[in-house]
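Colleague: input.tsv is reproduced below (TSV, C-alpha atoms).
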```tsv
chain	number	residue	atom	x	y	z
A	28	LEU	CA	6.08	37.93	-41.21
A	29	THR	CA	5.95	41.72	-41.16
A	30	VAL	CA	7.47	43.54	-38.20
A	31	MET	CA	5.72	46.80	-37.37
A	32	ASP	CA	6.93	49.74	-35.28
A	33	GLN	CA	4.59	48.88	-32.40
A	34	THR	CA	7.41	46.72	-31.04
A	35	ALA	CA	9.59	49.82	-30.40
A	36	PRO	CA	9.62	51.46	-26.92
A	37	GLN	CA	6.53	53.52	-26.29
A	38	GLU	CA	8.04	56.17	-23.98
A	39	ALA	CA	8.97	58.51	-26.81
A	40	PRO	CA	7.86	58.43	-30.45
A	41	ILE	CA	10.50	57.53	-32.97
A	42	LYS	CA	11.48	60.38	-35.23
A	43	ARG	CA	12.46	58.99	-38.57
A	44	PRO	CA	14.49	60.97	-41.08
A	45	LYS	CA	12.50	62.11	-44.07
A	46	LEU	CA	13.15	60.24	-47.28
A	47	GLU	CA	13.71	62.15	-50.47
A	48	THR	CA	10.97	61.92	-53.04
A	49	PRO	CA	12.10	59.66	-55.89
A	50	ALA	CA	12.43	61.08	-59.35
A	51	ALA	CA	9.79	60.28	-61.95
A	52	ASN	CA	11.93	57.62	-63.60
A	53	GLU	CA	12.84	55.89	-60.33
A	54	ALA	CA	10.94	53.17	-58.49
A	55	PRO	CA	8.91	54.39	-55.49
A	56	VAL	CA	10.55	54.06	-52.08
A	57	LYS	CA	9.29	51.05	-50.16
A	58	PRO	CA	7.74	51.69	-46.74
A	59	HIS	CA	10.75	51.59	-44.41
A	60	TYR	CA	8.69	50.46	-41.44
A	61	ALA	CA	8.25	46.95	-42.88
A	62	ARG	CA	10.90	44.27	-42.79
A	63	ARG	CA	10.92	40.72	-43.99
A	64	VAL	CA	12.07	37.85	-41.81
A	65	GLU	CA	13.74	34.94	-43.59
A	66	ARG	CA	14.87	31.61	-42.25
A	67	ASP	CA	17.35	29.21	-43.80
A	68	PRO	CA	15.60	25.79	-43.98
A	69	VAL	CA	18.85	23.93	-43.39
A	70	THR	CA	20.81	25.96	-40.81
A	71	LYS	CA	17.60	27.27	-39.14
A	72	ALA	CA	19.25	30.71	-38.94
A	73	THR	CA	16.74	33.57	-38.82
A	74	PHE	CA	17.61	37.08	-39.95
A	75	ILE	CA	15.90	40.35	-40.83
A	76	VAL	CA	16.19	41.79	-44.32
A	77	GLY	CA	14.87	45.02	-45.78
A	78	LEU	CA	16.54	47.49	-43.40
A	79	THR	CA	17.30	50.75	-45.17
A	80	ASP	CA	20.01	53.26	-44.34
A	81	ALA	CA	17.32	55.46	-42.87
A	82	ASP	CA	16.25	52.65	-40.54
A	83	LYS	CA	19.79	52.13	-39.29
A	84	GLN	CA	20.02	55.78	-38.24
A	85	VAL	CA	17.24	55.31	-35.67
A	86	ASP	CA	18.79	54.50	-32.30
A	87	HIS	CA	15.69	52.76	-30.96
A	88	LEU	CA	15.64	50.28	-33.84
A	89	VAL	CA	19.32	49.43	-33.51
A	90	GLN	CA	18.96	48.89	-29.78
A	91	ALA	CA	15.77	46.90	-30.10
A	92	GLN	CA	16.95	44.56	-32.86
A	93	PRO	CA	18.25	41.74	-30.57
A	94	ALA	CA	15.02	41.71	-28.59
A	95	LEU	CA	13.04	42.05	-31.78
A	96	THR	CA	14.78	39.04	-33.34
A	97	SER	CA	14.14	36.96	-30.23
A	98	ALA	CA	10.45	37.86	-30.25
A	99	ILE	CA	10.18	37.05	-33.94
A	100	LEU	CA	11.81	33.66	-33.42
A	101	GLN	CA	9.33	32.71	-30.73
A	102	ALA	CA	6.37	33.85	-32.79
A	103	ALA	CA	7.56	32.32	-36.07
A	104	GLU	CA	8.76	28.96	-34.77
A	105	PRO	CA	5.35	27.19	-35.09
A	106	VAL	CA	4.86	28.59	-38.60
A	107	PHE	CA	8.30	27.58	-39.87
A	108	SER	CA	8.15	24.17	-38.18
A	109	LYS	CA	4.72	23.36	-39.60
A	110	ARG	CA	5.83	24.37	-43.11
A	111	GLN	CA	8.90	22.13	-42.89
A	112	GLU	CA	6.79	19.21	-41.70
A	113	VAL	CA	4.33	19.25	-44.59
A	114	GLN	CA	6.57	20.45	-47.44
A	115	GLN	CA	9.85	19.17	-48.84
A	116	ASN	CA	12.48	20.14	-51.43
A	117	PHE	CA	13.69	23.41	-49.95
A	118	ILE	CA	17.04	24.52	-51.32
A	119	SER	CA	19.55	25.73	-48.74
A	120	ARG	CA	21.15	29.17	-48.86
A	121	ASP	CA	24.61	27.63	-49.30
A	122	VAL	CA	23.49	25.79	-52.43
A	123	GLN	CA	21.82	28.95	-53.75
A	124	GLN	CA	24.99	30.95	-53.36
A	125	GLY	CA	27.10	28.13	-54.81
A	126	LEU	CA	24.94	27.94	-57.93
A	127	ARG	CA	25.01	31.68	-58.44
A	128	LYS	CA	28.79	31.73	-58.10
A	129	ARG	CA	29.14	28.57	-60.20
A	130	GLN	CA	30.98	26.81	-57.41
A	131	VAL	CA	28.77	23.72	-57.11
A	132	PRO	CA	30.52	20.53	-58.25
A	133	PHE	CA	28.83	18.14	-60.68
A	134	PRO	CA	30.81	14.88	-60.47
A	135	ARG	CA	28.23	12.74	-62.24
A	136	PHE	CA	28.04	15.23	-65.08
A	137	ASP	CA	31.82	15.02	-65.43
A	138	GLU	CA	31.58	11.22	-65.61
A	139	TYR	CA	28.89	11.50	-68.26
A	140	LYS	CA	31.03	13.83	-70.37
A	141	ALA	CA	33.95	11.39	-70.22
A	142	ALA	CA	31.65	8.50	-71.17
A	143	ALA	CA	30.15	10.52	-74.03
A	144	GLN	CA	33.61	11.24	-75.40
A	145	ALA	CA	34.52	7.55	-75.19
A	146	ARG	CA	31.26	6.65	-76.94
A	147	ARG	CA	32.10	8.90	-79.85
A	148	GLU	CA	35.58	7.43	-80.17
A	149	ARG	CA	34.72	3.77	-79.50
A	150	PRO	CA	30.95	3.31	-79.89
A	151	GLU	CA	31.18	-0.49	-80.04
A	152	GLU	CA	32.77	-0.63	-76.57
A	153	CYS	CA	30.26	1.64	-74.81
A	154	PRO	CA	26.83	0.06	-74.29
A	155	GLU	CA	23.76	2.18	-73.74
A	156	PRO	CA	22.85	2.93	-70.09
A	157	ARG	CA	20.39	0.69	-68.37
A	158	ASN	CA	17.02	1.93	-67.24
A	159	ALA	CA	16.68	2.67	-63.54
A	160	ALA	CA	14.35	0.35	-61.68
A	161	ARG	CA	10.90	1.86	-61.95
A	162	PRO	CA	7.86	1.21	-59.75
A	163	ASP	CA	4.81	-0.66	-60.94
A	164	LEU	CA	2.54	1.90	-62.62
A	165	SER	CA	-0.24	-0.49	-63.60
A	166	GLY	CA	-3.65	0.66	-62.46
A	167	LYS	CA	-2.38	4.00	-61.14
A	168	LEU	CA	-3.80	7.41	-62.05
A	169	TYR	CA	-1.10	9.87	-63.14
A	170	LEU	CA	-1.69	13.62	-62.91
A	171	ALA	CA	0.34	15.03	-65.78
A	172	PRO	CA	2.42	18.20	-65.21
A	173	LEU	CA	0.36	21.30	-65.98
A	174	THR	CA	2.17	24.61	-66.34
A	175	THR	CA	0.54	27.49	-64.36
A	176	VAL	CA	-2.13	25.04	-63.13
A	177	GLY	CA	-0.51	22.06	-61.43
A	178	ASN	CA	0.84	23.88	-58.39
A	179	LEU	CA	1.07	22.32	-54.94
A	180	PRO	CA	-2.47	23.27	-53.72
A	181	PHE	CA	-3.99	21.98	-56.96
A	182	ARG	CA	-2.09	18.69	-56.66
A	183	ARG	CA	-3.26	18.26	-53.06
A	184	ILE	CA	-6.86	18.55	-54.23
A	185	CYS	CA	-6.22	16.02	-56.99
A	186	LYS	CA	-4.65	13.65	-54.47
A	187	LYS	CA	-7.83	13.79	-52.43
A	188	MET	CA	-9.84	13.13	-55.61
A	189	GLY	CA	-7.90	9.93	-56.34
A	190	ALA	CA	-4.66	10.80	-58.17
A	191	ASP	CA	-1.89	8.30	-57.38
A	192	ILE	CA	1.10	9.94	-59.09
A	193	THR	CA	1.73	13.68	-59.24
A	194	CYS	CA	4.29	15.82	-61.05
A	195	GLY	CA	5.35	19.42	-60.51
A	196	GLU	CA	5.02	22.19	-63.04
A	197	MET	CA	7.57	22.55	-65.82
A	198	ALA	CA	10.80	24.07	-64.52
A	199	LEU	CA	13.41	25.56	-66.84
A	200	ALA	CA	16.76	23.86	-66.27
A	201	SER	CA	18.73	27.05	-66.94
A	202	ASN	CA	16.77	28.96	-64.29
A	203	LEU	CA	17.32	26.18	-61.76
A	204	LEU	CA	21.08	26.41	-62.28
A	205	GLN	CA	20.84	30.16	-61.71
A	206	ALA	CA	19.19	29.44	-58.34
A	207	GLN	CA	16.07	31.45	-59.13
A	208	PRO	CA	13.75	30.99	-56.10
A	209	SER	CA	10.59	31.12	-58.21
A	210	GLU	CA	11.86	28.21	-60.32
A	211	TRP	CA	12.93	26.09	-57.36
A	212	ALA	CA	9.51	26.67	-55.78
A	213	LEU	CA	8.05	24.61	-58.65
A	214	LEU	CA	9.86	21.55	-57.21
A	215	ARG	CA	8.16	21.85	-53.81
A	216	ARG	CA	6.55	18.61	-52.61
A	217	HIS	CA	3.80	18.04	-50.05
A	218	GLN	CA	3.91	15.16	-47.62
A	219	ASP	CA	0.65	13.80	-49.06
A	220	GLU	CA	2.32	13.21	-52.45
A	221	ASP	CA	3.57	9.67	-51.91
A	222	MET	CA	4.84	9.35	-55.50
A	223	PHE	CA	6.05	12.64	-56.91
A	224	GLY	CA	8.19	13.72	-59.85
A	225	VAL	CA	9.47	16.95	-61.34
A	226	GLN	CA	9.59	18.06	-64.95
A	227	ILE	CA	12.52	19.97	-66.45
A	228	ALA	CA	12.78	21.64	-69.84
A	229	GLY	CA	15.67	22.85	-71.93
A	230	ALA	CA	17.54	22.37	-75.18
A	231	ALA	CA	21.15	21.86	-74.03
A	232	THR	CA	22.27	18.43	-72.84
A	233	ASP	CA	24.81	19.87	-70.41
A	234	VAL	CA	22.27	22.19	-68.76
A	235	LEU	CA	19.62	19.50	-68.36
A	236	THR	CA	22.12	16.98	-67.03
A	237	LYS	CA	23.46	19.39	-64.41
A	238	ALA	CA	19.94	20.40	-63.39
A	239	ALA	CA	18.95	16.76	-62.99
A	240	GLU	CA	22.03	16.05	-60.88
A	241	ILE	CA	21.43	18.93	-58.47
A	242	ILE	CA	17.75	17.97	-58.19
A	243	GLY	CA	18.63	14.38	-57.41
A	244	ARG	CA	21.12	15.55	-54.79
A	245	GLU	CA	19.07	18.26	-53.07
A	246	CYS	CA	15.45	17.14	-53.53
A	247	LYS	CA	13.34	14.14	-52.71
A	248	VAL	CA	11.75	13.00	-55.97
A	249	ASP	CA	10.63	9.63	-57.30
A	250	PHE	CA	11.27	10.38	-60.98
A	251	ILE	CA	12.39	13.17	-63.32
A	252	ASP	CA	10.42	13.97	-66.45
A	253	ILE	CA	11.94	15.57	-69.56
A	254	ASN	CA	9.64	17.93	-71.44
A	255	SER	CA	9.62	17.34	-75.19
A	256	GLY	CA	5.96	18.13	-75.73
A	257	CYS	CA	5.39	21.80	-74.84
A	258	PRO	CA	4.27	23.75	-77.95
A	259	LEU	CA	4.92	27.24	-76.55
A	260	ASP	CA	6.84	29.45	-78.97
A	261	MET	CA	9.14	30.71	-76.22
A	262	LEU	CA	10.44	27.15	-75.81
A	263	CYS	CA	10.26	25.84	-79.38
A	264	GLN	CA	12.14	28.82	-80.79
A	265	LYS	CA	15.03	27.94	-78.46
A	266	GLY	CA	15.01	24.29	-79.49
A	267	SER	CA	13.30	22.85	-76.41
A	268	GLY	CA	9.79	21.55	-75.82
A	269	CYS	CA	8.25	19.70	-78.74
A	270	ALA	CA	10.99	21.07	-81.02
A	271	LEU	CA	13.15	18.26	-79.61
A	272	MET	CA	10.97	15.72	-81.42
A	273	ASP	CA	12.48	16.95	-84.70
A	274	ARG	CA	15.99	16.61	-83.25
A	275	SER	CA	16.15	12.93	-82.47
A	276	ASN	CA	19.88	12.77	-81.79
A	277	ARG	CA	19.76	15.71	-79.39
A	278	LEU	CA	16.79	14.23	-77.51
A	279	GLN	CA	18.53	10.87	-77.19
A	280	GLU	CA	21.66	12.53	-75.83
A	281	ILE	CA	19.58	14.47	-73.30
A	282	VAL	CA	17.97	11.27	-72.06
A	283	ARG	CA	21.41	9.63	-71.77
A	284	GLY	CA	22.77	12.55	-69.78
A	285	VAL	CA	19.83	12.91	-67.39
A	286	SER	CA	19.53	9.16	-66.74
A	287	SER	CA	23.26	8.96	-65.98
A	288	ALA	CA	23.07	11.87	-63.50
A	289	VAL	CA	20.33	10.48	-61.23
A	290	ASP	CA	19.38	7.23	-59.54
A	291	VAL	CA	15.63	7.64	-60.05
A	292	PRO	CA	13.67	6.72	-63.19
A	293	VAL	CA	13.60	9.19	-66.08
A	294	SER	CA	10.46	9.71	-68.13
A	295	VAL	CA	9.78	11.72	-71.29
A	296	LYS	CA	6.63	13.69	-72.06
A	297	MET	CA	5.98	14.06	-75.76
A	298	ARG	CA	3.31	14.45	-78.43
A	299	ILE	CA	2.65	12.22	-81.43
A	300	GLY	CA	4.92	14.65	-83.28
A	301	LYS	CA	5.87	18.29	-83.47
A	302	THR	CA	3.15	18.76	-86.09
A	303	GLU	CA	0.04	16.74	-86.79
A	304	SER	CA	1.21	16.07	-90.33
A	305	ASN	CA	4.49	14.53	-89.20
A	306	PRO	CA	3.90	12.02	-86.37
A	307	ASN	CA	7.13	10.37	-85.26
A	308	ALA	CA	6.58	9.35	-81.61
A	309	HIS	CA	6.43	5.68	-82.64
A	310	GLU	CA	9.94	5.99	-84.04
A	311	LEU	CA	11.37	7.71	-80.97
A	312	ILE	CA	9.99	5.58	-78.14
A	313	SER	CA	12.23	2.57	-78.64
A	314	LYS	CA	15.29	4.81	-79.13
A	315	LEU	CA	14.61	6.72	-75.93
A	316	ALA	CA	14.11	3.49	-74.00
A	317	ALA	CA	17.54	2.33	-75.19
A	318	CYS	CA	19.04	5.62	-73.95
A	319	GLY	CA	17.70	5.20	-70.42
A	320	ALA	CA	14.08	6.38	-70.40
A	321	SER	CA	11.89	4.28	-68.11
A	322	TRP	CA	8.58	5.36	-69.62
A	323	VAL	CA	7.12	7.82	-72.10
```
Rewrite the structure from the file as structure tokens, please.

Modeller:
Amino acid sequence: LTVMDQTAPQEAPIKRPKLETPAANEAPVKPHYARRVERDPVTKATFIVGLTDADKQVDHLVQAQPALTSAILQAAEPVFSKRQEVQQNFISRDVQQGLRKRQVPFPRFDEYKAAAQARRERPEECPEPRNAARPDLSGKLYLAPLTTVGNLPFRRICKKMGADITCGEMALASNLLQAQPSEWALLRRHQDEDMFGVQIAGAATDVLTKAAEIIGRECKVDFIDINSGCPLDMLCQKGSGCALMDRSNRLQEIVRGVSSAVDVPVSVKMRIGKTESNPNAHELISKLAACGASWV
């Protein structure tokens, strides 16, 4: 929503202080007549952001803000309500702030770390985790995650065309833990997606495990997919994507960590190998299943 100055009293025009022209190396000044209205999906609190110091010096705006907020609430209520009805997996402001301040607890991750330490010391006494109960996938059409393509509108179209299972675009686990809104938007789910999963990517077991735990706690998903098939250089050079296929031990540990952090099935997307000349998927599948993967 954009709030314009027409809502101010009409008896006398508002005289706004002139803004200084920015220097050549500075960003241009945003129009100070526009404000953005945000609403917390959990607390339902609505507030106005974007007010500049120049705006606050205008008496009419300060006096009109309570009435302005009330009018905005009445106008925006149908929009916000409809969006909440048809979409899921909104992250609350409290969780965002907690992630940015690194104050969110990860109890299941802590349990996994203790179990991993015990496994290294006494491997014979620590059996591999069991696979989570997975739904029957026979005869179902699965829309694979497609980066920059498989967004929510695209998936809705595919659902109407006959797709049974959908998966969100690849989300970087490190960005999720930094509470980046653009990354959390990739986890958004529509009410028409009756079986929906999310895909996360990364190279560090700790980061992926924490990301999976917070997703399982804050979002409604039916499975979590681990990306070990993306060939993009920006991922492979950091050891994630299909580079994980050449790091079997690391990939197995990632699957152990993610499967221990959530109660939903964990899947793995991979290629036949990192390179065509070195196919090794047939060697990894059974190992990943033993570590907790429900399907590949």

Colleague: Would you compute the distance between CA of Gln218 (chain A) and CA of Asn116 (chain A)? Give it in Å to one decimal.

Modeller: 10.6 Å

Colleague: May I have the residues within 6 Å of Lys296 (chain A) as a PDB file with C-alpha atoms, in the coordinates of the input, using all atoms listed in the file and disregarding those fewer than 3 positions away in the same chain?

Modeller:
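Result file follows (result39.pdb):
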```pdb
ATOM      1  CA  ASN A 254       9.640  17.930 -71.440  1.00  0.00           C
ATOM      2  CA  SER A 255       9.620  17.340 -75.190  1.00  0.00           C
ATOM      3  CA  GLY A 256       5.960  18.130 -75.730  1.00  0.00           C
ATOM      4  CA  VAL A 323       7.120   7.820 -72.100  1.00  0.00           C
TER       5      VAL A 323
END
```

Colleague: For Glu310 (chain A), work out the shell of residues within 10 Å, counting only C-alpha atoms and skipping chain neighbours fewer than 5 positions away, then give it as a list in words.

Modeller: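 The contact residues come out as Ser275, Ile299 and Leu315 of chain A.
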
Colleague: Tell me, in Å to one decimal, how far CA of Ser321 (chain A) is from CA of Ile251 (chain A).

Modeller: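 CA of Ile251 (chain A) lies at a distance of 10.1 Å from CA of Ser321 (chain A).
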
Colleague: In Å, rounded to a single decimal, give me how far CA of Arg244 (chain A) is from CA of Asp67 (chain A).

Modeller: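 We find that CA of Asp67 (chain A) and CA of Arg244 (chain A) lie 17.9 Å from each other.
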
Colleague: Nearest to Ile192 (chain A) among A:Asp249, A:Arg147, A:Ala231, A:Leu214, with distances taken over only C-alpha atoms: which residue is it?

Modeller: A:Asp249

Colleague: Using only C-alpha atoms, which of A:Asp273, A:Leu168, A:Ile253, A:Ser313 sits nearest Val295 (chain A)?

Modeller: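 Closest candidate: A:Ile253.
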
Colleague: Could you list, as a list of chain:residue names, every residue within 10 Å of Phe133 (chain A), counting only C-alpha atoms and ignoring same-chain residues fewer than 6 positions away?

Modeller: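 Once the nearby chain positions are removed, what remains is A:Thr236, A:Lys237, A:Ala238, A:Glu240, A:Ile241, A:Ala288.
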
Colleague: From the options A:Val225, A:Leu213, A:Met297, A:Val282, which residue's atoms come nearest to Asn178 (chain A), counting all atoms listed in the file?

Modeller: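 Nearest to Asn178 (chain A): A:Leu213.
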
Colleague: Need to verify the contact set: Leu235 (chain A), 7 Å, all atoms listed in the file, exclusion of same-chain residues closer than 4 positions in sequence. Can you return it as an MDAnalysis selection string?

Modeller: chainID A and resid 200 229 231 239 285

Colleague: Which is closest to Gly166 (chain A) among A:Glu303, A:Asp137, A:Glu148, A:Asp191, if we use only C-alpha atoms?

Modeller: A:Asp191

Colleague: From the options A:Gln130, A:Gln226, A:Ser165, A:Asn307, which residue's atoms come nearest to Glu210 (chain A), counting all atoms listed in the file?

Modeller: A:Gln226

Colleague: Restricting the calculation to all atoms listed in the file, which member of A:Glu138, A:Ile242, A:Ala190, A:Thr232 is positioned closest to Val122 (chain A)?

Modeller: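 Smallest distance to Val122 (chain A) is found for A:Ile242.
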
Colleague: At a cut-off of 9 Å, using only C-alpha atoms, what residues contact Trp211 (chain A)? Leave out same-chain residues fewer than 4 positions from it and give the result as a PDB file with C-alpha atoms, in the frame of the given file.

Modeller:
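That gives us result.pdb:
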```pdb
ATOM      1  CA  ASN A 116      12.480  20.140 -51.430  1.00  0.00           C
ATOM      2  CA  PHE A 117      13.690  23.410 -49.950  1.00  0.00           C
ATOM      3  CA  ILE A 118      17.040  24.520 -51.320  1.00  0.00           C
ATOM      4  CA  ALA A 198      10.800  24.070 -64.520  1.00  0.00           C
ATOM      5  CA  ASN A 202      16.770  28.960 -64.290  1.00  0.00           C
ATOM      6  CA  LEU A 203      17.320  26.180 -61.760  1.00  0.00           C
ATOM      7  CA  ALA A 206      19.190  29.440 -58.340  1.00  0.00           C
ATOM      8  CA  GLN A 207      16.070  31.450 -59.130  1.00  0.00           C
ATOM      9  CA  ARG A 215       8.160  21.850 -53.810  1.00  0.00           C
TER      10      ARG A 215
END
```
